[in-house]
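To keep things clear, I will list the structure first and then write my remarks on it.
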Amino acid sequence: MTGALLVALLLTSAPQASATAAPERARVFGHFRHVHWLAPEDDSFRFASAALVAPATMAEHLITTKAARSVVEVRRFAMQRRPGAPESTLEQAIEVPFRLFTAMTWTERPSWRVLELRGGTLLVCVDVAAQRLHLLDARNGEDIVAPRAATLLLDTRLTERGAELLIATPSQGLERVSIEPLDPASGTPTVDSVALATGLDVIGAASFVHAKGADAAPEGHWPGGCWVIGWRAGALALAGSNTDELLGPFPLTLEVTPKVAEELRFDVAAAGGRTWFAVGQPDYNHSVGRAVIASFEPSSNAAPSVTFDGRLEPDVWGDTLDQRCWGQSVQFVPDVDADGAPDLAVGAPWGLGDECIDLVSAARGTRLKRFNTTNFTTVGHSLDVSPDGRWVLSGGTTQRAYPENLTYEGVVHVLDARTLKGQRTSCIATRVESR
């Protein structure tokens, strides 16, 4: 269910009065920034998406501020869909008694994740209004441990023993939360947390260092910690953060320095003895998006080397027509051009007919591949790479529109990470239904 400008509103006629009370009718609004991969099964792709739920009588413009609950849905669709087959089928719905996102805006960072562990499935999510982290049992949506303070869920990773979360706290600190599998007898996981050093003024984004498809960081790549992008003394900086020390911070001298606390996108990959960083700077004020690619050799303790800083094409129309927000999403994929470095998928959801996803060489900063849509559909609002690194999942819409236009259908594209070719499937459209 991905949509905010990506949803198709399906209105139905008002129910007739009857002696028996009619079931409550709800309006469900999907969000296109909230979609991620789950493990495939039986020749089917699987993904999770989120939506706000509100009474069907509520006016559309009130949904963005007054919806009181959410739903997370797990969907699947065939890797090779036959003609006439459904585009996707519902596998599971998890009711959440609070808002998973504050508004239907495409700039908002997702703060939830479905984790499929050996002992059961968890929905890890942040109540953005109450600033509390919840671990919900996917079977009934109930807390399985006491909630803890958190403002953002920055990253997740599976480990040999369970999973780890990286969260931002109300004091703008970082915590690493460890989750071990559910105890079959009690149904309760073991949960522990440790504070991480940051040394940065404001946390823009953060990510674990890990290779796609691997459970742990490669040797020498800051094991047990994470990489942080943020600001130090007003300048953008990178730092490795562990339980009691920082590696860095290393300032990034860029052609355009993001303003302090500007919303950024961030991803990390490790390859060839180096750690690679990507920073997306969508620039929501002017829509002239940019991206930065840098790499760092942990053993040298030298400052990161910037291999790309800018955009692939010039800004022709400013924020009048060329509103591409290039850098809205950034995700590393395994080495495509065989140069020993990972490569980077970059989402550019807005444009005048040129909405696209670019595949950029991290080592050379040149375009390797491009995926374009047609008829003003949008792609690249979100990107998620499958654990094996083979597929890219992109969230988008059937029409180019702004978040307030809750009239279009959410779609996902599944693309081969090497060629950017693939198929499209509709996510859950915005709809009115009985609950």
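Residue numbers start at 1 in each chain; chains themselves are named A, B, ... in the order of the structure tokens; ligands are numbered from 1 in the order shown.
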
For this session: Just the residues within 12 Å of A:Gly310, please, counting only C-alpha atoms, with nothing from its chain fewer than 4 positions along; format it as a list in words.
Result: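 Non-adjacent residues within range: Leu254, Glu255, Val256, Thr257, Ala278, Val279, Gly280, Gln281, Pro282, Val288, Gly289, Arg290, Ala291, Val292, Ile293, Val306, Pro314, Asp315, Trp326, Gly327, Val360, Gly365 and Thr366 of chain A.
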
So which residues touch stretch 196-203 of chain A within 10 Å, counting only C-alpha atoms, skipping near sequence neighbours fewer than 3 positions away, as a PDB file with all heavy atoms, in the first residue's frame?
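And here's out.pdb as it stands now:
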ATOM      1  N   LEU A 166      18.572   0.329  14.667  1.00  0.00           N
ATOM      2  CA  LEU A 166      19.252   1.584  14.974  1.00  0.00           C
ATOM      3  C   LEU A 166      18.169   2.646  15.105  1.00  0.00           C
ATOM      4  O   LEU A 166      17.408   2.884  14.158  1.00  0.00           O
ATOM      5  CB  LEU A 166      20.221   1.961  13.858  1.00  0.00           C
ATOM      6  CG  LEU A 166      21.095   3.190  14.122  1.00  0.00           C
ATOM      7  CD1 LEU A 166      22.072   2.919  15.256  1.00  0.00           C
ATOM      8  CD2 LEU A 166      21.863   3.569  12.864  1.00  0.00           C
ATOM      9  N   ALA A 168      16.883   6.643  16.672  1.00  0.00           N
ATOM     10  CA  ALA A 168      17.218   7.968  17.196  1.00  0.00           C
ATOM     11  C   ALA A 168      16.339   8.218  18.408  1.00  0.00           C
ATOM     12  O   ALA A 168      15.151   7.891  18.419  1.00  0.00           O
ATOM     13  CB  ALA A 168      16.987   9.039  16.139  1.00  0.00           C
ATOM     14  N   GLN A 172      18.286  13.254  20.518  1.00  0.00           N
ATOM     15  CA  GLN A 172      19.064  13.214  19.284  1.00  0.00           C
ATOM     16  C   GLN A 172      20.286  12.312  19.412  1.00  0.00           C
ATOM     17  O   GLN A 172      21.294  12.489  18.725  1.00  0.00           O
ATOM     18  CB  GLN A 172      19.491  14.628  18.848  1.00  0.00           C
ATOM     19  CG  GLN A 172      18.332  15.493  18.430  1.00  0.00           C
ATOM     20  CD  GLN A 172      18.756  16.826  17.890  1.00  0.00           C
ATOM     21  OE1 GLN A 172      19.856  17.287  18.160  1.00  0.00           O
ATOM     22  NE2 GLN A 172      17.890  17.462  17.125  1.00  0.00           N
ATOM     23  N   GLY A 173      20.202  11.326  20.300  1.00  0.00           N
ATOM     24  CA  GLY A 173      21.252  10.333  20.403  1.00  0.00           C
ATOM     25  C   GLY A 173      20.920   9.124  19.547  1.00  0.00           C
ATOM     26  O   GLY A 173      19.895   9.073  18.866  1.00  0.00           O
ATOM     27  N   LEU A 174      21.795   8.137  19.579  1.00  0.00           N
ATOM     28  CA  LEU A 174      21.605   6.888  18.845  1.00  0.00           C
ATOM     29  C   LEU A 174      21.606   5.728  19.813  1.00  0.00           C
ATOM     30  O   LEU A 174      22.376   5.709  20.773  1.00  0.00           O
ATOM     31  CB  LEU A 174      22.740   6.678  17.834  1.00  0.00           C
ATOM     32  CG  LEU A 174      22.789   7.546  16.587  1.00  0.00           C
ATOM     33  CD1 LEU A 174      24.014   7.191  15.764  1.00  0.00           C
ATOM     34  CD2 LEU A 174      21.536   7.383  15.759  1.00  0.00           C
ATOM     35  N   GLU A 175      20.757   4.740  19.551  1.00  0.00           N
ATOM     36  CA  GLU A 175      20.781   3.500  20.313  1.00  0.00           C
ATOM     37  C   GLU A 175      20.733   2.324  19.349  1.00  0.00           C
ATOM     38  O   GLU A 175      20.029   2.371  18.331  1.00  0.00           O
ATOM     39  CB  GLU A 175      19.588   3.396  21.274  1.00  0.00           C
ATOM     40  CG  GLU A 175      19.720   4.244  22.516  1.00  0.00           C
ATOM     41  CD  GLU A 175      18.623   3.964  23.524  1.00  0.00           C
ATOM     42  OE1 GLU A 175      17.850   2.998  23.309  1.00  0.00           O
ATOM     43  OE2 GLU A 175      18.522   4.694  24.509  1.00  0.00           O
ATOM     44  N   ARG A 176      21.502   1.291  19.670  1.00  0.00           N
ATOM     45  CA  ARG A 176      21.414   0.034  18.935  1.00  0.00           C
ATOM     46  C   ARG A 176      20.611  -0.935  19.793  1.00  0.00           C
ATOM     47  O   ARG A 176      20.967  -1.212  20.946  1.00  0.00           O
ATOM     48  CB  ARG A 176      22.806  -0.529  18.660  1.00  0.00           C
ATOM     49  CG  ARG A 176      22.759  -1.795  17.793  1.00  0.00           C
ATOM     50  CD  ARG A 176      24.145  -2.330  17.467  1.00  0.00           C
ATOM     51  NE  ARG A 176      24.831  -2.804  18.660  1.00  0.00           N
ATOM     52  CZ  ARG A 176      25.996  -2.344  19.083  1.00  0.00           C
ATOM     53  NH1 ARG A 176      26.576  -1.342  18.438  1.00  0.00           N
ATOM     54  NH2 ARG A 176      26.574  -2.859  20.158  1.00  0.00           N
ATOM     55  N   SER A 193      19.514  -2.962  24.675  1.00  0.00           N
ATOM     56  CA  SER A 193      19.913  -1.773  23.923  1.00  0.00           C
ATOM     57  C   SER A 193      21.183  -1.191  24.506  1.00  0.00           C
ATOM     58  O   SER A 193      21.506  -1.399  25.682  1.00  0.00           O
ATOM     59  CB  SER A 193      18.804  -0.713  23.944  1.00  0.00           C
ATOM     60  OG  SER A 193      18.624  -0.201  25.249  1.00  0.00           O
ATOM     61  N   ALA A 206      21.274   7.648   9.361  1.00  0.00           N
ATOM     62  CA  ALA A 206      22.305   6.729   9.819  1.00  0.00           C
ATOM     63  C   ALA A 206      22.068   5.370   9.201  1.00  0.00           C
ATOM     64  O   ALA A 206      20.978   5.062   8.735  1.00  0.00           O
ATOM     65  CB  ALA A 206      22.296   6.636  11.349  1.00  0.00           C
ATOM     66  N   GLY A 225      29.145  -1.459  15.100  1.00  0.00           N
ATOM     67  CA  GLY A 225      28.739  -0.050  15.137  1.00  0.00           C
ATOM     68  C   GLY A 225      27.916   0.323  13.935  1.00  0.00           C
ATOM     69  O   GLY A 225      27.287  -0.518  13.301  1.00  0.00           O
ATOM     70  N   CYS A 226      27.897   1.592  13.616  1.00  0.00           N
ATOM     71  CA  CYS A 226      27.132   2.066  12.466  1.00  0.00           C
ATOM     72  C   CYS A 226      27.836   3.277  11.892  1.00  0.00           C
ATOM     73  O   CYS A 226      28.751   3.840  12.489  1.00  0.00           O
ATOM     74  CB  CYS A 226      25.707   2.429  12.885  1.00  0.00           C
ATOM     75  SG  CYS A 226      25.640   3.876  13.968  1.00  0.00           S
ATOM     76  N   TRP A 227      27.393   3.676  10.733  1.00  0.00           N
ATOM     77  CA  TRP A 227      27.876   4.910  10.118  1.00  0.00           C
ATOM     78  C   TRP A 227      26.787   5.957  10.211  1.00  0.00           C
ATOM     79  O   TRP A 227      25.605   5.663  10.035  1.00  0.00           O
ATOM     80  CB  TRP A 227      28.273   4.678   8.664  1.00  0.00           C
ATOM     81  CG  TRP A 227      29.547   3.920   8.545  1.00  0.00           C
ATOM     82  CD1 TRP A 227      29.690   2.587   8.303  1.00  0.00           C
ATOM     83  CD2 TRP A 227      30.860   4.439   8.701  1.00  0.00           C
ATOM     84  NE1 TRP A 227      31.024   2.241   8.298  1.00  0.00           N
ATOM     85  CE2 TRP A 227      31.768   3.365   8.536  1.00  0.00           C
ATOM     86  CE3 TRP A 227      31.385   5.706   8.958  1.00  0.00           C
ATOM     87  CZ2 TRP A 227      33.148   3.514   8.618  1.00  0.00           C
ATOM     88  CZ3 TRP A 227      32.767   5.857   9.034  1.00  0.00           C
ATOM     89  CH2 TRP A 227      33.627   4.778   8.871  1.00  0.00           C
ATOM     90  N   VAL A 228      27.202   7.176  10.466  1.00  0.00           N
ATOM     91  CA  VAL A 228      26.270   8.275  10.692  1.00  0.00           C
ATOM     92  C   VAL A 228      26.593   9.406   9.730  1.00  0.00           C
ATOM     93  O   VAL A 228      27.758   9.699   9.476  1.00  0.00           O
ATOM     94  CB  VAL A 228      26.377   8.797  12.142  1.00  0.00           C
ATOM     95  CG1 VAL A 228      25.360   9.883  12.402  1.00  0.00           C
ATOM     96  CG2 VAL A 228      26.207   7.661  13.136  1.00  0.00           C
ATOM     97  N   ILE A 229      25.560  10.009   9.185  1.00  0.00           N
ATOM     98  CA  ILE A 229      25.715  11.246   8.419  1.00  0.00           C
ATOM     99  C   ILE A 229      24.988  12.333   9.200  1.00  0.00           C
ATOM    100  O   ILE A 229      23.860  12.136   9.659  1.00  0.00           O
ATOM    101  CB  ILE A 229      25.146  11.120   6.981  1.00  0.00           C
ATOM    102  CG1 ILE A 229      25.361  12.394   6.178  1.00  0.00           C
ATOM    103  CG2 ILE A 229      23.677  10.764   6.993  1.00  0.00           C
ATOM    104  CD1 ILE A 229      26.751  12.557   5.685  1.00  0.00           C
ATOM    105  N   GLY A 230      25.637  13.456   9.400  1.00  0.00           N
ATOM    106  CA  GLY A 230      25.031  14.532  10.185  1.00  0.00           C
ATOM    107  C   GLY A 230      25.836  15.810  10.024  1.00  0.00           C
ATOM    108  O   GLY A 230      26.589  15.957   9.061  1.00  0.00           O
ATOM    109  N   TRP A 231      25.690  16.720  10.960  1.00  0.00           N
ATOM    110  CA  TRP A 231      26.384  18.000  10.878  1.00  0.00           C
ATOM    111  C   TRP A 231      27.307  18.170  12.069  1.00  0.00           C
ATOM    112  O   TRP A 231      26.965  17.807  13.191  1.00  0.00           O
ATOM    113  CB  TRP A 231      25.383  19.159  10.842  1.00  0.00           C
ATOM    114  CG  TRP A 231      24.700  19.288   9.531  1.00  0.00           C
ATOM    115  CD1 TRP A 231      25.021  20.142   8.528  1.00  0.00           C
ATOM    116  CD2 TRP A 231      23.573  18.542   9.063  1.00  0.00           C
ATOM    117  NE1 TRP A 231      24.180  19.959   7.457  1.00  0.00           N
ATOM    118  CE2 TRP A 231      23.279  18.975   7.765  1.00  0.00           C
ATOM    119  CE3 TRP A 231      22.802  17.528   9.625  1.00  0.00           C
ATOM    120  CZ2 TRP A 231      22.244  18.476   7.019  1.00  0.00           C
ATOM    121  CZ3 TRP A 231      21.771  17.011   8.875  1.00  0.00           C
ATOM    122  CH2 TRP A 231      21.490  17.477   7.593  1.00  0.00           C
ATOM    123  N   ARG A 232      28.487  18.719  11.806  1.00  0.00           N
ATOM    124  CA  ARG A 232      29.416  19.060  12.870  1.00  0.00           C
ATOM    125  C   ARG A 232      29.911  20.473  12.604  1.00  0.00           C
ATOM    126  O   ARG A 232      30.489  20.750  11.546  1.00  0.00           O
ATOM    127  CB  ARG A 232      30.583  18.076  12.922  1.00  0.00           C
ATOM    128  CG  ARG A 232      31.525  18.320  14.097  1.00  0.00           C
ATOM    129  CD  ARG A 232      32.595  17.230  14.130  1.00  0.00           C
ATOM    130  NE  ARG A 232      33.543  17.428  15.213  1.00  0.00           N
ATOM    131  CZ  ARG A 232      33.351  17.045  16.459  1.00  0.00           C
ATOM    132  NH1 ARG A 232      32.221  16.433  16.790  1.00  0.00           N
ATOM    133  NH2 ARG A 232      34.267  17.253  17.396  1.00  0.00           N
ATOM    134  N   ALA A 233      29.660  21.364  13.560  1.00  0.00           N
ATOM    135  CA  ALA A 233      30.023  22.782  13.412  1.00  0.00           C
ATOM    136  C   ALA A 233      29.433  23.360  12.130  1.00  0.00           C
ATOM    137  O   ALA A 233      30.059  24.160  11.427  1.00  0.00           O
ATOM    138  CB  ALA A 233      31.541  22.950  13.435  1.00  0.00           C
ATOM    139  N   GLY A 234      28.201  22.926  11.793  1.00  0.00           N
ATOM    140  CA  GLY A 234      27.505  23.474  10.636  1.00  0.00           C
ATOM    141  C   GLY A 234      27.860  22.863   9.315  1.00  0.00           C
ATOM    142  O   GLY A 234      27.273  23.208   8.286  1.00  0.00           O
ATOM    143  N   ALA A 235      28.837  21.940   9.274  1.00  0.00           N
ATOM    144  CA  ALA A 235      29.239  21.306   8.020  1.00  0.00           C
ATOM    145  C   ALA A 235      28.820  19.838   8.026  1.00  0.00           C
ATOM    146  O   ALA A 235      28.800  19.191   9.074  1.00  0.00           O
ATOM    147  CB  ALA A 235      30.750  21.418   7.832  1.00  0.00           C
ATOM    148  N   LEU A 236      28.521  19.310   6.848  1.00  0.00           N
ATOM    149  CA  LEU A 236      28.134  17.911   6.744  1.00  0.00           C
ATOM    150  C   LEU A 236      29.337  17.023   7.041  1.00  0.00           C
ATOM    151  O   LEU A 236      30.464  17.313   6.610  1.00  0.00           O
ATOM    152  CB  LEU A 236      27.601  17.613   5.338  1.00  0.00           C
ATOM    153  CG  LEU A 236      26.860  16.286   5.162  1.00  0.00           C
ATOM    154  CD1 LEU A 236      25.569  16.295   5.955  1.00  0.00           C
ATOM    155  CD2 LEU A 236      26.573  16.036   3.686  1.00  0.00           C
ATOM    156  N   ALA A 237      29.113  15.954   7.799  1.00  0.00           N
ATOM    157  CA  ALA A 237      30.218  15.088   8.177  1.00  0.00           C
ATOM    158  C   ALA A 237      29.761  13.646   8.249  1.00  0.00           C
ATOM    159  O   ALA A 237      28.580  13.345   8.440  1.00  0.00           O
ATOM    160  CB  ALA A 237      30.786  15.519   9.538  1.00  0.00           C
ATOM    161  N   LEU A 238      30.731  12.731   8.079  1.00  0.00           N
ATOM    162  CA  LEU A 238      30.518  11.293   8.218  1.00  0.00           C
ATOM    163  C   LEU A 238      31.261  10.818   9.454  1.00  0.00           C
ATOM    164  O   LEU A 238      32.359  11.306   9.760  1.00  0.00           O
ATOM    165  CB  LEU A 238      31.076  10.552   7.004  1.00  0.00           C
ATOM    166  CG  LEU A 238      30.346  10.716   5.673  1.00  0.00           C
ATOM    167  CD1 LEU A 238      31.239  10.216   4.548  1.00  0.00           C
ATOM    168  CD2 LEU A 238      29.040   9.948   5.680  1.00  0.00           C
ATOM    169  N   ALA A 239      30.695   9.863  10.153  1.00  0.00           N
ATOM    170  CA  ALA A 239      31.370   9.319  11.324  1.00  0.00           C
ATOM    171  C   ALA A 239      30.978   7.869  11.509  1.00  0.00           C
ATOM    172  O   ALA A 239      29.850   7.476  11.226  1.00  0.00           O
ATOM    173  CB  ALA A 239      31.024  10.118  12.583  1.00  0.00           C
ATOM    174  N   GLY A 240      31.936   7.073  11.986  1.00  0.00           N
ATOM    175  CA  GLY A 240      31.638   5.727  12.431  1.00  0.00           C
ATOM    176  C   GLY A 240      31.342   5.782  13.911  1.00  0.00           C
ATOM    177  O   GLY A 240      32.100   6.377  14.688  1.00  0.00           O
ATOM    178  N   SER A 241      30.235   5.204  14.343  1.00  0.00           N
ATOM    179  CA  SER A 241      29.816   5.321  15.734  1.00  0.00           C
ATOM    180  C   SER A 241      29.732   3.949  16.363  1.00  0.00           C
ATOM    181  O   SER A 241      29.056   3.064  15.852  1.00  0.00           O
ATOM    182  CB  SER A 241      28.451   6.012  15.820  1.00  0.00           C
ATOM    183  OG  SER A 241      28.029   6.107  17.155  1.00  0.00           O
ATOM    184  N   ASN A 242      30.444   3.758  17.484  1.00  0.00           N
ATOM    185  CA  ASN A 242      30.389   2.515  18.226  1.00  0.00           C
ATOM    186  C   ASN A 242      29.851   2.814  19.619  1.00  0.00           C
ATOM    187  O   ASN A 242      29.334   3.895  19.878  1.00  0.00           O
ATOM    188  CB  ASN A 242      31.778   1.875  18.281  1.00  0.00           C
ATOM    189  CG  ASN A 242      31.699   0.354  18.297  1.00  0.00           C
ATOM    190  OD1 ASN A 242      30.841  -0.205  18.963  1.00  0.00           O
ATOM    191  ND2 ASN A 242      32.587  -0.295  17.570  1.00  0.00           N
ATOM    192  N   THR A 243      29.993   1.881  20.537  1.00  0.00           N
ATOM    193  CA  THR A 243      29.411   2.081  21.859  1.00  0.00           C
ATOM    194  C   THR A 243      30.095   3.184  22.648  1.00  0.00           C
ATOM    195  O   THR A 243      29.471   3.828  23.478  1.00  0.00           O
ATOM    196  CB  THR A 243      29.472   0.778  22.668  1.00  0.00           C
ATOM    197  OG1 THR A 243      30.834   0.322  22.696  1.00  0.00           O
ATOM    198  CG2 THR A 243      28.604  -0.289  22.031  1.00  0.00           C
ATOM    199  N   ASP A 244      31.383   3.412  22.403  1.00  0.00           N
ATOM    200  CA  ASP A 244      32.074   4.395  23.240  1.00  0.00           C
ATOM    201  C   ASP A 244      33.047   5.280  22.486  1.00  0.00           C
ATOM    202  O   ASP A 244      33.837   6.001  23.091  1.00  0.00           O
ATOM    203  CB  ASP A 244      32.826   3.686  24.373  1.00  0.00           C
ATOM    204  CG  ASP A 244      33.763   2.603  23.854  1.00  0.00           C
ATOM    205  OD1 ASP A 244      33.881   2.486  22.615  1.00  0.00           O
ATOM    206  OD2 ASP A 244      34.364   1.898  24.680  1.00  0.00           O
ATOM    207  N   GLU A 245      33.061   5.236  21.182  1.00  0.00           N
ATOM    208  CA  GLU A 245      33.991   6.073  20.446  1.00  0.00           C
ATOM    209  C   GLU A 245      33.452   6.376  19.053  1.00  0.00           C
ATOM    210  O   GLU A 245      32.526   5.741  18.563  1.00  0.00           O
ATOM    211  CB  GLU A 245      35.350   5.380  20.335  1.00  0.00           C
ATOM    212  CG  GLU A 245      35.277   4.038  19.604  1.00  0.00           C
ATOM    213  CD  GLU A 245      36.626   3.380  19.451  1.00  0.00           C
ATOM    214  OE1 GLU A 245      37.623   4.106  19.267  1.00  0.00           O
ATOM    215  OE2 GLU A 245      36.689   2.152  19.503  1.00  0.00           O
ATOM    216  N   LEU A 246      34.093   7.384  18.427  1.00  0.00           N
ATOM    217  CA  LEU A 246      33.778   7.764  17.061  1.00  0.00           C
ATOM    218  C   LEU A 246      34.979   7.500  16.168  1.00  0.00           C
ATOM    219  O   LEU A 246      36.127   7.672  16.591  1.00  0.00           O
ATOM    220  CB  LEU A 246      33.447   9.253  16.972  1.00  0.00           C
ATOM    221  CG  LEU A 246      32.066   9.723  17.420  1.00  0.00           C
ATOM    222  CD1 LEU A 246      31.990  11.229  17.320  1.00  0.00           C
ATOM    223  CD2 LEU A 246      30.983   9.085  16.578  1.00  0.00           C
ATOM    224  N   LEU A 247      34.731   7.083  14.938  1.00  0.00           N
ATOM    225  CA  LEU A 247      35.749   7.053  13.899  1.00  0.00           C
ATOM    226  C   LEU A 247      35.481   8.277  13.040  1.00  0.00           C
ATOM    227  O   LEU A 247      34.508   8.342  12.315  1.00  0.00           O
ATOM    228  CB  LEU A 247      35.635   5.766  13.085  1.00  0.00           C
ATOM    229  CG  LEU A 247      36.683   5.561  11.990  1.00  0.00           C
ATOM    230  CD1 LEU A 247      38.072   5.507  12.621  1.00  0.00           C
ATOM    231  CD2 LEU A 247      36.414   4.269  11.241  1.00  0.00           C
ATOM    232  N   GLY A 248      36.303   9.281  13.179  1.00  0.00           N
ATOM    233  CA  GLY A 248      36.037  10.579  12.549  1.00  0.00           C
ATOM    234  C   GLY A 248      35.631  11.562  13.631  1.00  0.00           C
ATOM    235  O   GLY A 248      36.143  11.481  14.747  1.00  0.00           O
ATOM    236  N   PRO A 249      34.688  12.499  13.391  1.00  0.00           N
ATOM    237  CA  PRO A 249      33.971  12.699  12.129  1.00  0.00           C
ATOM    238  C   PRO A 249      34.879  13.245  11.016  1.00  0.00           C
ATOM    239  O   PRO A 249      35.838  13.957  11.284  1.00  0.00           O
ATOM    240  CB  PRO A 249      32.903  13.734  12.495  1.00  0.00           C
ATOM    241  CG  PRO A 249      32.837  13.736  13.978  1.00  0.00           C
ATOM    242  CD  PRO A 249      34.209  13.384  14.453  1.00  0.00           C
ATOM    243  N   VAL A 260      21.759  22.763   7.855  1.00  0.00           N
ATOM    244  CA  VAL A 260      21.682  21.946   9.055  1.00  0.00           C
ATOM    245  C   VAL A 260      20.253  21.435   9.234  1.00  0.00           C
ATOM    246  O   VAL A 260      19.291  22.188   9.106  1.00  0.00           O
ATOM    247  CB  VAL A 260      22.129  22.755  10.287  1.00  0.00           C
ATOM    248  CG1 VAL A 260      21.900  21.951  11.557  1.00  0.00           C
ATOM    249  CG2 VAL A 260      23.607  23.113  10.168  1.00  0.00           C
ATOM    250  N   ALA A 261      20.129  20.154   9.492  1.00  0.00           N
ATOM    251  CA  ALA A 261      18.858  19.457   9.701  1.00  0.00           C
ATOM    252  C   ALA A 261      18.050  19.286   8.420  1.00  0.00           C
ATOM    253  O   ALA A 261      16.898  18.861   8.465  1.00  0.00           O
ATOM    254  CB  ALA A 261      18.004  20.132  10.759  1.00  0.00           C
ATOM    255  N   GLU A 262      18.618  19.583   7.246  1.00  0.00           N
ATOM    256  CA  GLU A 262      17.918  19.317   5.984  1.00  0.00           C
ATOM    257  C   GLU A 262      17.720  17.815   5.830  1.00  0.00           C
ATOM    258  O   GLU A 262      18.586  17.016   6.196  1.00  0.00           O
ATOM    259  CB  GLU A 262      18.741  19.855   4.814  1.00  0.00           C
ATOM    260  CG  GLU A 262      18.110  19.645   3.444  1.00  0.00           C
ATOM    261  CD  GLU A 262      18.947  20.253   2.327  1.00  0.00           C
ATOM    262  OE1 GLU A 262      19.719  21.206   2.606  1.00  0.00           O
ATOM    263  OE2 GLU A 262      18.828  19.775   1.194  1.00  0.00           O
ATOM    264  N   GLU A 263      16.563  17.413   5.308  1.00  0.00           N
ATOM    265  CA  GLU A 263      16.263  15.991   5.133  1.00  0.00           C
ATOM    266  C   GLU A 263      17.178  15.393   4.061  1.00  0.00           C
ATOM    267  O   GLU A 263      17.223  15.878   2.931  1.00  0.00           O
ATOM    268  CB  GLU A 263      14.806  15.799   4.745  1.00  0.00           C
ATOM    269  CG  GLU A 263      14.377  14.353   4.651  1.00  0.00           C
ATOM    270  CD  GLU A 263      14.254  13.684   6.022  1.00  0.00           C
ATOM    271  OE1 GLU A 263      14.014  14.392   7.015  1.00  0.00           O
ATOM    272  OE2 GLU A 263      14.388  12.458   6.079  1.00  0.00           O
ATOM    273  N   LEU A 264      17.915  14.354   4.432  1.00  0.00           N
ATOM    274  CA  LEU A 264      18.834  13.698   3.520  1.00  0.00           C
ATOM    275  C   LEU A 264      18.494  12.215   3.420  1.00  0.00           C
ATOM    276  O   LEU A 264      17.806  11.670   4.276  1.00  0.00           O
ATOM    277  CB  LEU A 264      20.282  13.839   4.025  1.00  0.00           C
ATOM    278  CG  LEU A 264      20.803  15.261   4.241  1.00  0.00           C
ATOM    279  CD1 LEU A 264      22.197  15.214   4.876  1.00  0.00           C
ATOM    280  CD2 LEU A 264      20.832  16.045   2.946  1.00  0.00           C
TER     281      LEU A 264
END

For this session: Quote the spacing between atom CA of A:Val74 and atom CA of A:Pro170 in Å to one decimal place.
Result: 29.9 Å

For this session: Go through A:Ser207, A:Ser386, A:Ser295, A:Ser394 and flag the residue nearest A:Phe266, using only C-alpha atoms for the distances.
Result: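 For A:Phe266, the nearest of the given residues is A:Ser207.
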
For this session: Tell me which of A:Trp37, A:Ser287, A:Val71, A:Ala93 sits closest to A:Leu383, counting only C-alpha atoms.
Result: A:Trp37
